[in-house]
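The structure under discussion appears below in the form of C-alpha cells.
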Amino acid sequence: MILAAAEYREFIRSYPYSPSAAYSQYQIAMTFYKKMLKPGRDPSKTILALAEFKKVITDYPASDQAKDAQARIKECEERLASHNTEIAISYYKRHGYRAAISRLSEVMSQYPDYSGLSKVYFYLGDCYFQLKLYDQAFPYFTKVVTDYSGDKLAKVAAQRLSEIERLKAAAPKPKVKTS
C-alpha cells in the first residue's frame, strides 16, 4: 500500500493535468482508508484518509472521483466523531467531566452531521449536571427530549430536566433588602 501510494504521488507529480490524476489522488486516499481502525483505536490513518479525500475534491472538483470522495469524507468524519465521543464517554465514566465537555464540544462543532449527536447532547448535559451547572445542562437535556424523543437517552434526559426544575424550586430565594 505504501509503495502504491508513492507511485500514485509520483504520477501526479509527473502528470498533474492528466485525466488520471484525480483517480491517482483518490487511490492515495484509499490506501489510508483501507488501513483505518475502528473508533476507539488510533485515528491517524482516518485523519490521513480524510485529508487525502479532501484533496481530491479541492484539486479535482469536476472529476468522477470527487463524488465518491465526498461519500468517503462523510464516513471518515463519522468515524472520527465516534472516536472522540467514545473517549469523552470514558472520561465521563471516570468523573473527568471537564475533559468530557471539551471532547464533546469539539465533536459538536467539528462534526455537525454526526449520527450520534443525541448521545453527545445527553452527555454534555449530564457533565454540566454532575458539575451542578444546571443552567448550562438544561438546554442540552431539552434538545435530547425534543429532537431525539425516540432515543433511549431521552427518558433519562427528561428525568434530569424534572430534577433540575425540582432543585431550582427548592433553592432558597435571595432576600431583597428594603430601605
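We label chains A, B, ... in the order they appear in the C-alpha cells, count residues from 1 in each chain, and number ligands from 1 in the order shown.
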Who sits within 12 Å of Glu75 (chain A), only C-alpha atoms, same chain under 4 positions skipped, as a list in words: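 Listing them by chain and then by number gives Tyr33, Met36, Lys38, Pro39, Thr46, Ile47, Ala49, Leu50, Phe53, Asp68, Ala69, Gln70, Ala71, Arg79, Leu80, Ala81, Ser82, Tyr111, Asp113, Tyr114 and Ser115 of chain A.
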For the residues selected in the previous step, produce a file with C-alpha atoms as a compact mmCIF listing (two decimals), in the first residue's frame.
```txt
# COMPACT_ATOMS: atom_id res chain seq x y z
CA TYR A 33 -8.88 4.39 4.08
CA MET A 36 -8.35 2.77 9.15
CA LYS A 38 -12.36 1.13 14.32
CA PRO A 39 -13.42 4.01 16.59
CA THR A 46 -8.53 8.06 9.34
CA ILE A 47 -7.16 11.61 9.62
CA ALA A 49 -7.52 9.42 4.58
CA LEU A 50 -9.78 12.39 5.30
CA PHE A 53 -10.09 12.69 0.14
CA ASP A 68 -17.01 9.19 -4.32
CA ALA A 69 -14.54 11.16 -2.22
CA GLN A 70 -17.39 13.18 -0.72
CA ALA A 71 -19.08 9.98 0.47
CA ARG A 79 -15.62 7.58 12.45
CA LEU A 80 -13.61 10.46 13.95
CA ALA A 81 -16.70 11.84 15.69
CA SER A 82 -17.48 8.39 17.07
CA TYR A 111 -18.94 17.20 13.06
CA ASP A 113 -23.72 15.88 10.77
CA TYR A 114 -22.64 13.15 13.21
CA SER A 115 -25.32 10.49 13.59
```
Exercise: Asn84 (chain A) partners within 8 Å, only C-alpha atoms, chain neighbours under 6 positions left out, as a PyMOL selection string: chain A and resi 40+103-104+107
Residues near region 13-24 of chain A, cut-off 8 Å, only C-alpha atoms, skip fewer than 2 positions along chain, as a list in words: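 Near neighbours after the sequence-gap exclusion: Tyr8, Arg9, Glu10, Phe11, Tyr26, Gln27, Ile28, Val56, Asp59, Tyr60, Ser63 and Gln65 of chain A.
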Interatomic distance, CA of Ala66 (chain A) to CA of Ser44 (chain A) (Å, one decimal): 22.3 Å
Atom pair CA of Ser102 (chain A) / CA of Glu165 (chain A): separation (Å):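 CA of Glu165 (chain A) lies 25.8 Å from CA of Ser102 (chain A).
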